[in-house]
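Visitor: So that you have it, the file is query_7.cif, and it contains mmCIF, C-alpha atoms:
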```cif
data_protein
loop_
_atom_site.label_atom_id
_atom_site.label_comp_id
_atom_site.auth_asym_id
_atom_site.auth_seq_id
_atom_site.Cartn_x
_atom_site.Cartn_y
_atom_site.Cartn_z
CA MET A 1 113.63 95.26 79.90
CA ALA A 2 109.91 95.61 80.52
CA LEU A 3 108.38 95.55 83.95
CA LYS A 4 107.43 92.15 85.34
CA MET A 5 104.65 91.86 87.91
CA GLU A 6 104.02 88.79 90.08
CA LEU A 7 101.46 88.11 92.78
CA LEU A 8 102.90 86.77 96.03
CA GLY A 9 100.63 85.12 98.56
CA GLU A 10 97.27 86.80 99.10
CA THR A 11 98.35 90.41 99.60
CA GLN A 12 101.68 91.17 97.93
CA ILE A 13 102.80 92.29 94.49
CA LEU A 14 106.41 91.92 93.33
CA VAL A 15 107.49 94.25 90.54
CA THR A 16 110.90 93.78 88.91
CA ARG A 17 112.59 95.83 86.23
CA PHE A 18 116.13 96.26 84.94
CA PHE A 19 117.74 99.67 84.38
CA ALA A 20 120.99 100.27 82.47
CA ALA A 21 122.46 102.38 85.27
CA PRO A 22 124.25 101.65 88.55
CA PRO A 23 122.08 101.00 91.64
CA ALA A 24 123.23 104.26 93.27
CA THR A 25 121.99 106.25 90.26
CA VAL A 26 118.61 104.50 90.22
CA TYR A 27 118.34 104.94 94.00
CA THR A 28 118.98 108.68 93.65
CA ALA A 29 116.32 108.90 90.93
CA HIS A 30 113.86 107.38 93.42
CA THR A 31 114.77 109.65 96.34
CA ASP A 32 115.53 113.07 94.83
CA PRO A 33 112.24 115.02 94.45
CA ASP A 34 113.53 116.99 91.46
CA LEU A 35 114.32 113.76 89.61
CA VAL A 36 111.08 112.06 90.69
CA ALA A 37 109.19 114.99 89.14
CA LYS A 38 110.88 114.26 85.79
CA TRP A 39 110.02 110.58 85.47
CA MET A 40 107.13 109.47 87.71
CA LEU A 41 104.58 110.82 85.23
CA GLY A 42 102.44 107.77 84.55
CA PRO A 43 100.75 107.15 81.19
CA PRO A 44 100.70 109.84 78.47
CA GLY A 45 98.46 112.80 79.22
CA TRP A 46 99.05 112.81 82.97
CA ALA A 47 100.99 115.60 84.72
CA LEU A 48 102.69 115.25 88.11
CA SER A 49 102.93 117.84 90.85
CA VAL A 50 105.33 116.99 93.67
CA LYS A 51 103.86 118.64 96.76
CA SER A 52 106.22 116.89 99.20
CA TYR A 53 108.85 114.18 98.76
CA ASP A 54 111.15 114.15 101.79
CA ALA A 55 113.29 111.00 101.46
CA ARG A 56 114.34 110.50 105.09
CA PRO A 57 112.81 108.48 107.93
CA ASN A 58 109.38 109.97 108.75
CA GLY A 59 109.65 112.24 105.69
CA LYS A 60 106.32 112.92 104.00
CA ILE A 61 105.23 112.04 100.47
CA HIS A 62 102.47 113.92 98.65
CA LEU A 63 102.19 113.55 94.88
CA VAL A 64 99.29 114.67 92.70
CA TRP A 65 98.70 113.53 89.11
CA THR A 66 96.19 115.33 86.91
CA HIS A 67 94.70 114.50 83.53
CA PRO A 68 92.40 116.81 81.52
CA ASP A 69 89.83 114.03 80.98
CA GLU A 70 90.54 111.59 83.82
CA GLY A 71 90.66 114.01 86.77
CA GLU A 72 93.05 113.81 89.69
CA LEU A 73 94.91 111.08 91.57
CA ALA A 74 96.86 111.79 94.74
CA LEU A 75 99.33 109.67 96.67
CA THR A 76 100.33 110.39 100.26
CA GLY A 77 102.59 108.49 102.62
CA SER A 78 105.86 108.61 104.46
CA PHE A 79 109.30 107.12 104.28
CA LEU A 80 109.99 104.55 107.00
CA GLU A 81 113.50 103.38 106.19
CA LEU A 82 116.31 104.28 103.80
CA GLU A 83 119.53 102.32 103.25
CA PRO A 84 121.37 104.22 100.49
CA PRO A 85 121.86 103.02 97.80
CA HIS A 86 120.26 99.63 98.40
CA LYS A 87 116.77 99.96 99.85
CA THR A 88 113.84 102.22 100.68
CA VAL A 89 110.65 101.47 102.61
CA HIS A 90 107.66 103.78 102.52
CA THR A 91 103.91 103.80 103.04
CA GLU A 92 101.49 104.98 100.40
CA GLN A 93 97.79 105.69 100.19
CA PHE A 94 96.02 106.69 96.99
CA GLN A 95 93.15 109.14 96.89
CA ILE A 96 90.80 108.62 93.98
CA GLY A 97 87.63 109.83 95.58
CA ALA A 98 87.75 107.79 98.79
CA PRO A 99 91.22 106.94 100.17
CA SER A 100 92.61 103.49 99.43
CA PRO A 101 94.02 101.27 102.18
CA ILE A 102 97.60 102.05 103.24
CA ASN A 103 100.25 99.94 101.51
CA THR A 104 103.87 99.38 102.54
CA VAL A 105 106.37 99.45 99.67
CA THR A 106 109.89 98.03 99.97
CA THR A 107 112.19 98.84 97.06
CA HIS A 108 115.52 97.06 96.54
CA PHE A 109 118.21 98.39 94.18
CA GLU A 110 120.48 95.45 93.26
CA ALA A 111 123.56 95.38 91.06
CA GLU A 112 123.11 93.15 88.02
CA GLY A 113 125.82 93.23 85.37
CA ASP A 114 126.35 96.84 84.35
CA GLY A 115 122.98 97.92 85.66
CA CYS A 116 120.40 97.73 88.41
CA LEU A 117 117.66 95.22 89.03
CA LEU A 118 114.85 97.03 90.79
CA ARG A 119 112.68 94.82 93.03
CA VAL A 120 109.59 96.44 94.52
CA VAL A 121 107.47 94.50 97.03
CA ILE A 122 104.09 96.08 97.70
CA ASP A 123 102.37 94.82 100.85
CA MET A 124 98.63 95.42 100.86
CA PRO A 125 96.21 94.93 103.73
CA ASP A 126 94.08 92.32 101.93
CA ALA A 127 93.43 90.54 98.63
CA GLN A 128 90.61 92.91 97.64
CA ALA A 129 92.89 95.95 97.97
CA ARG A 130 95.43 94.21 95.76
CA GLU A 131 92.82 93.40 93.11
CA GLU A 132 91.52 96.98 93.11
CA THR A 133 95.05 98.40 92.78
CA ILE A 134 95.84 96.17 89.83
CA ALA A 135 92.50 97.06 88.20
CA MET A 136 93.35 100.79 88.48
CA GLY A 137 96.09 100.26 85.88
CA MET A 138 99.06 99.98 88.22
CA GLU A 139 101.19 97.97 85.79
CA GLU A 140 100.58 100.36 82.87
CA GLY A 141 101.29 103.42 85.03
CA MET A 142 104.46 102.00 86.52
CA GLU A 143 105.86 100.90 83.15
CA ALA A 144 105.06 104.29 81.60
CA SER A 145 106.93 106.00 84.43
CA TYR A 146 109.85 103.57 84.26
CA GLY A 147 110.09 104.24 80.52
CA GLN A 148 110.53 107.92 81.40
CA LEU A 149 113.18 106.94 83.95
CA ASP A 150 115.03 104.97 81.24
CA ALA A 151 115.08 108.11 79.09
CA LEU A 152 116.28 110.24 82.00
CA LEU A 153 119.06 107.79 82.91
CA SER A 154 120.31 107.60 79.31
CA ALA A 155 120.36 111.38 78.85
#
```
Would you mind writing the file out in structure tokens?

Guide:
Amino acid sequence: MALKMELLGETQILVTRFFAAPPATVYTAHTDPDLVAKWMLGPPGWALSVKSYDARPNGKIHLVWTHPDEGELALTGSFLELEPPHKTVHTEQFQIGAPSPINTVTTHFEAEGDGCLLRVVIDMPDAQAREETIAMGMEEGMEASYGQLDALLSA
């Protein structure tokens, strides 16, 4: 199932996607830094370096993607809340030149049939930040990464 993206209100994005794996397995893939390094790669040509990914309250996140022609994109943040295997909440801020505003991301891992329905709510500080994030290719990057996660989960 392909990623579905919806705009909620003025400042939120809801992303949903189904995975053919139990919620606990998908949760682990989102919280284990070794697994994150295998699937959160973005579109073809990008490489991910996991500098820090400490999935516990107040644990730090620092990811860096590089592309030979496109340059570098970094994401920093911290985990705020974890409810294994059902929910995570973290902050994130992208650095592409100047830092973006700080977003809060709540991810729900819900049982659906034999698999997991992933629901990600991204809270942004304002409508302009949301527009800029979407324009950066967020949907393409997320779906490319989730395609890698599908492959990892089926292996």

Visitor: List the spatial neighbours of stretch 135-138 of chain A as a VMD selection string - criterion: any atom at most 12 Å away, only C-alpha atoms, same-chain residues fewer than 2 positions off excluded.

Guide: chain A and resid 3 to 5 13 15 42 to 43 73 94 to 96 100 122 128 to 133 140 to 145

Visitor: Residues of the last selection are to be written out with C-alpha atoms, as a PDB file, in the frame of the given file.

Guide:
```pdb
ATOM      1  CA  LEU A   3     108.380  95.550  83.950  1.00  0.00           C
ATOM      2  CA  LYS A   4     107.430  92.150  85.340  1.00  0.00           C
ATOM      3  CA  MET A   5     104.650  91.860  87.910  1.00  0.00           C
ATOM      4  CA  ILE A  13     102.800  92.290  94.490  1.00  0.00           C
ATOM      5  CA  VAL A  15     107.490  94.250  90.540  1.00  0.00           C
ATOM      6  CA  GLY A  42     102.440 107.770  84.550  1.00  0.00           C
ATOM      7  CA  PRO A  43     100.750 107.150  81.190  1.00  0.00           C
ATOM      8  CA  LEU A  73      94.910 111.080  91.570  1.00  0.00           C
ATOM      9  CA  PHE A  94      96.020 106.690  96.990  1.00  0.00           C
ATOM     10  CA  GLN A  95      93.150 109.140  96.890  1.00  0.00           C
ATOM     11  CA  ILE A  96      90.800 108.620  93.980  1.00  0.00           C
ATOM     12  CA  SER A 100      92.610 103.490  99.430  1.00  0.00           C
ATOM     13  CA  ILE A 122     104.090  96.080  97.700  1.00  0.00           C
ATOM     14  CA  GLN A 128      90.610  92.910  97.640  1.00  0.00           C
ATOM     15  CA  ALA A 129      92.890  95.950  97.970  1.00  0.00           C
ATOM     16  CA  ARG A 130      95.430  94.210  95.760  1.00  0.00           C
ATOM     17  CA  GLU A 131      92.820  93.400  93.110  1.00  0.00           C
ATOM     18  CA  GLU A 132      91.520  96.980  93.110  1.00  0.00           C
ATOM     19  CA  THR A 133      95.050  98.400  92.780  1.00  0.00           C
ATOM     20  CA  GLU A 140     100.580 100.360  82.870  1.00  0.00           C
ATOM     21  CA  GLY A 141     101.290 103.420  85.030  1.00  0.00           C
ATOM     22  CA  MET A 142     104.460 102.000  86.520  1.00  0.00           C
ATOM     23  CA  GLU A 143     105.860 100.900  83.150  1.00  0.00           C
ATOM     24  CA  ALA A 144     105.060 104.290  81.600  1.00  0.00           C
ATOM     25  CA  SER A 145     106.930 106.000  84.430  1.00  0.00           C
TER      26      SER A 145
END
```

Visitor: Residues proximal to (118.8, 101.9, 104.0) were defined as those with any atom within 12 Å of that point in the file's coordinates, counting all atoms listed in the file. Which are they, as JSON, numbers by chain?

Guide: {"A": [24, 27, 31, 55, 56, 57, 79, 80, 81, 82, 83, 84, 85, 86, 87, 88, 89, 90, 106, 107, 108, 109]}

Visitor: Please enumerate the residues selected by the PyMOL selection byres ((chain A and resi 41) around 10) when evaluated against the supplied file, formatted as a PDB file with C-alpha atoms, in the frame of the given file.

Guide:
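Output saved as out.pdb:
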```pdb
ATOM      1  CA  VAL A  36     111.080 112.060  90.690  1.00  0.00           C
ATOM      2  CA  ALA A  37     109.190 114.990  89.140  1.00  0.00           C
ATOM      3  CA  LYS A  38     110.880 114.260  85.790  1.00  0.00           C
ATOM      4  CA  TRP A  39     110.020 110.580  85.470  1.00  0.00           C
ATOM      5  CA  MET A  40     107.130 109.470  87.710  1.00  0.00           C
ATOM      6  CA  GLY A  42     102.440 107.770  84.550  1.00  0.00           C
ATOM      7  CA  PRO A  43     100.750 107.150  81.190  1.00  0.00           C
ATOM      8  CA  PRO A  44     100.700 109.840  78.470  1.00  0.00           C
ATOM      9  CA  GLY A  45      98.460 112.800  79.220  1.00  0.00           C
ATOM     10  CA  TRP A  46      99.050 112.810  82.970  1.00  0.00           C
ATOM     11  CA  ALA A  47     100.990 115.600  84.720  1.00  0.00           C
ATOM     12  CA  LEU A  48     102.690 115.250  88.110  1.00  0.00           C
ATOM     13  CA  SER A  49     102.930 117.840  90.850  1.00  0.00           C
ATOM     14  CA  VAL A  64      99.290 114.670  92.700  1.00  0.00           C
ATOM     15  CA  TRP A  65      98.700 113.530  89.110  1.00  0.00           C
ATOM     16  CA  THR A  66      96.190 115.330  86.910  1.00  0.00           C
ATOM     17  CA  GLY A 141     101.290 103.420  85.030  1.00  0.00           C
ATOM     18  CA  MET A 142     104.460 102.000  86.520  1.00  0.00           C
ATOM     19  CA  ALA A 144     105.060 104.290  81.600  1.00  0.00           C
ATOM     20  CA  SER A 145     106.930 106.000  84.430  1.00  0.00           C
ATOM     21  CA  TYR A 146     109.850 103.570  84.260  1.00  0.00           C
ATOM     22  CA  GLY A 147     110.090 104.240  80.520  1.00  0.00           C
ATOM     23  CA  GLN A 148     110.530 107.920  81.400  1.00  0.00           C
ATOM     24  CA  LEU A 149     113.180 106.940  83.950  1.00  0.00           C
TER      25      LEU A 149
END
```

Visitor: Determine the residue membership of the PyMOL selection byres ((chain A and resi 113) around 12) for the file above and supply it as a PyMOL selection string.

Guide: chain A and resi 18-23+110-112+114-117

Visitor: Taking all atoms listed in the file into account, name the residue in A:Ala98, A:Thr91, A:Leu118, A:Leu7 that is nearest to A:Gly59.

Guide: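 Among the listed residues, the smallest separation from A:Gly59 belongs to A:Thr91.
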
Visitor: Any chance you could work out the axis-aligned box around stretch 36-54 of chain A, listed atoms only, 8 Å on each side, giving centre and edge lengths in Å to one decimal, as AutoDock Vina command-line options?

Guide:
```
--center_x 104.8 --center_y 112.9 --center_z 90.1 --size_x 28.7 --size_y 27.5 --size_z 39.3
```

Visitor: Provide the atom CA of A:Gln12 to atom CA of A:Leu35 distance in Å, to one decimal place.

Guide: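 Going from atom CA of A:Gln12 over to atom CA of A:Leu35 covers 27.2 Å.
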
Visitor: From the list A:Leu153, A:Ala2, A:Leu75, A:Val26, which residue is nearest A:Ile102 when using all atoms listed in the file?

Guide: A:Leu75

Visitor: Could you tell me how far atom CA of A:Gly77 sits from atom CA of A:Leu63, in Å to one decimal place?

Guide: 9.3 Å

Visitor: In Å, how far is it from atom CA of A:Pro33 to atom CA of A:Asp54?

Guide: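 Going from atom CA of A:Pro33 over to atom CA of A:Asp54, I get 7.5 Å.
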
Visitor: Point out the residue among A:Asp123, A:Glu92, A:Glu139, A:Asp150 with the least atom-to-atom distance to A:Ile61, counting only C-alpha atoms.

Guide: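 Of A:Asp123, A:Glu92, A:Glu139, A:Asp150, the one nearest A:Ile61, counting only C-alpha atoms, is A:Glu92.
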
Visitor: Looking at A:Leu14, A:Pro125, A:Asn58, A:Arg119, which one is nearest to A:Thr104, with distances taken over all atoms listed in the file?

Guide: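 Answer, going by the shortest atom-to-atom distance: A:Pro125.
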
Visitor: Start from the incomplete input, build N, CA and C atoms for stretch 68-93 of chain A, and deliver everything as a PDB file, in the frame of the given file.

Guide:
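New file part.pdb:
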```pdb
ATOM      1  N   PRO A  68      93.523 115.954  81.928  1.00  0.00           N
ATOM      2  CA  PRO A  68      92.400 116.810  81.520  1.00  0.00           C
ATOM      3  C   PRO A  68      91.061 116.076  81.437  1.00  0.00           C
ATOM      4  N   ASP A  69      91.077 114.787  81.112  1.00  0.00           N
ATOM      5  CA  ASP A  69      89.830 114.030  80.980  1.00  0.00           C
ATOM      6  C   ASP A  69      89.574 113.073  82.140  1.00  0.00           C
ATOM      7  N   GLU A  70      90.648 112.624  82.790  1.00  0.00           N
ATOM      8  CA  GLU A  70      90.540 111.590  83.820  1.00  0.00           C
ATOM      9  C   GLU A  70      90.419 112.147  85.240  1.00  0.00           C
ATOM     10  N   GLY A  71      90.761 113.426  85.429  1.00  0.00           N
ATOM     11  CA  GLY A  71      90.660 114.010  86.770  1.00  0.00           C
ATOM     12  C   GLY A  71      91.977 114.006  87.515  1.00  0.00           C
ATOM     13  N   GLU A  72      91.892 113.694  88.807  1.00  0.00           N
ATOM     14  CA  GLU A  72      93.050 113.810  89.690  1.00  0.00           C
ATOM     15  C   GLU A  72      93.251 112.530  90.494  1.00  0.00           C
ATOM     16  N   LEU A  73      94.508 112.209  90.741  1.00  0.00           N
ATOM     17  CA  LEU A  73      94.910 111.080  91.570  1.00  0.00           C
ATOM     18  C   LEU A  73      96.006 111.574  92.494  1.00  0.00           C
ATOM     19  N   ALA A  74      95.843 111.358  93.781  1.00  0.00           N
ATOM     20  CA  ALA A  74      96.860 111.790  94.740  1.00  0.00           C
ATOM     21  C   ALA A  74      97.425 110.572  95.460  1.00  0.00           C
ATOM     22  N   LEU A  75      98.665 110.691  95.872  1.00  0.00           N
ATOM     23  CA  LEU A  75      99.330 109.670  96.670  1.00  0.00           C
ATOM     24  C   LEU A  75      99.962 110.382  97.865  1.00  0.00           C
ATOM     25  N   THR A  76      99.693 109.872  99.056  1.00  0.00           N
ATOM     26  CA  THR A  76     100.330 110.390 100.260  1.00  0.00           C
ATOM     27  C   THR A  76     100.968 109.220 100.996  1.00  0.00           C
ATOM     28  N   GLY A  77     101.927 109.526 101.843  1.00  0.00           N
ATOM     29  CA  GLY A  77     102.590 108.490 102.620  1.00  0.00           C
ATOM     30  C   GLY A  77     103.779 109.069 103.352  1.00  0.00           C
ATOM     31  N   SER A  78     104.633 108.169 103.799  1.00  0.00           N
ATOM     32  CA  SER A  78     105.860 108.610 104.460  1.00  0.00           C
ATOM     33  C   SER A  78     106.936 107.546 104.319  1.00  0.00           C
ATOM     34  N   PHE A  79     108.162 108.026 104.322  1.00  0.00           N
ATOM     35  CA  PHE A  79     109.300 107.120 104.280  1.00  0.00           C
ATOM     36  C   PHE A  79     109.511 106.532 105.675  1.00  0.00           C
ATOM     37  N   LEU A  80     109.754 105.239 105.738  1.00  0.00           N
ATOM     38  CA  LEU A  80     109.990 104.550 107.000  1.00  0.00           C
ATOM     39  C   LEU A  80     111.466 104.231 107.198  1.00  0.00           C
ATOM     40  N   GLU A  81     112.123 103.865 106.096  1.00  0.00           N
ATOM     41  CA  GLU A  81     113.500 103.380 106.190  1.00  0.00           C
ATOM     42  C   GLU A  81     114.217 103.670 104.882  1.00  0.00           C
ATOM     43  N   LEU A  82     115.474 104.089 104.977  1.00  0.00           N
ATOM     44  CA  LEU A  82     116.310 104.280 103.800  1.00  0.00           C
ATOM     45  C   LEU A  82     117.695 103.707 104.091  1.00  0.00           C
ATOM     46  N   GLU A  83     118.183 102.886 103.169  1.00  0.00           N
ATOM     47  CA  GLU A  83     119.530 102.320 103.250  1.00  0.00           C
ATOM     48  C   GLU A  83     120.224 102.611 101.924  1.00  0.00           C
ATOM     49  N   PRO A  84     120.746 103.847 101.762  1.00  0.00           N
ATOM     50  CA  PRO A  84     121.370 104.220 100.490  1.00  0.00           C
ATOM     51  C   PRO A  84     122.555 103.325 100.166  1.00  0.00           C
ATOM     52  N   PRO A  85     122.749 102.929  98.960  1.00  0.00           N
ATOM     53  CA  PRO A  85     121.860 103.020  97.800  1.00  0.00           C
ATOM     54  C   PRO A  85     121.122 101.713  97.533  1.00  0.00           C
ATOM     55  N   HIS A  86     120.760 100.991  98.581  1.00  0.00           N
ATOM     56  CA  HIS A  86     120.260  99.630  98.400  1.00  0.00           C
ATOM     57  C   HIS A  86     118.762  99.437  98.621  1.00  0.00           C
ATOM     58  N   LYS A  87     118.137 100.282  99.462  1.00  0.00           N
ATOM     59  CA  LYS A  87     116.770  99.960  99.850  1.00  0.00           C
ATOM     60  C   LYS A  87     116.031 101.197 100.370  1.00  0.00           C
ATOM     61  N   THR A  88     114.741 101.254 100.056  1.00  0.00           N
ATOM     62  CA  THR A  88     113.840 102.220 100.680  1.00  0.00           C
ATOM     63  C   THR A  88     112.573 101.475 101.114  1.00  0.00           C
ATOM     64  N   VAL A  89     111.948 101.973 102.164  1.00  0.00           N
ATOM     65  CA  VAL A  89     110.650 101.470 102.610  1.00  0.00           C
ATOM     66  C   VAL A  89     109.774 102.690 102.872  1.00  0.00           C
ATOM     67  N   HIS A  90     108.584 102.687 102.283  1.00  0.00           N
ATOM     68  CA  HIS A  90     107.660 103.780 102.520  1.00  0.00           C
ATOM     69  C   HIS A  90     106.219 103.272 102.546  1.00  0.00           C
ATOM     70  N   THR A  91     105.335 104.085 103.115  1.00  0.00           N
ATOM     71  CA  THR A  91     103.910 103.800 103.040  1.00  0.00           C
ATOM     72  C   THR A  91     103.330 104.648 101.922  1.00  0.00           C
ATOM     73  N   GLU A  92     102.182 104.192 101.405  1.00  0.00           N
ATOM     74  CA  GLU A  92     101.490 104.980 100.400  1.00  0.00           C
ATOM     75  C   GLU A  92      99.999 104.713 100.483  1.00  0.00           C
ATOM     76  N   GLN A  93      99.252 105.769 100.232  1.00  0.00           N
ATOM     77  CA  GLN A  93      97.790 105.690 100.190  1.00  0.00           C
ATOM     78  C   GLN A  93      97.324 106.557  99.029  1.00  0.00           C
TER      79      GLN A  93
END
```
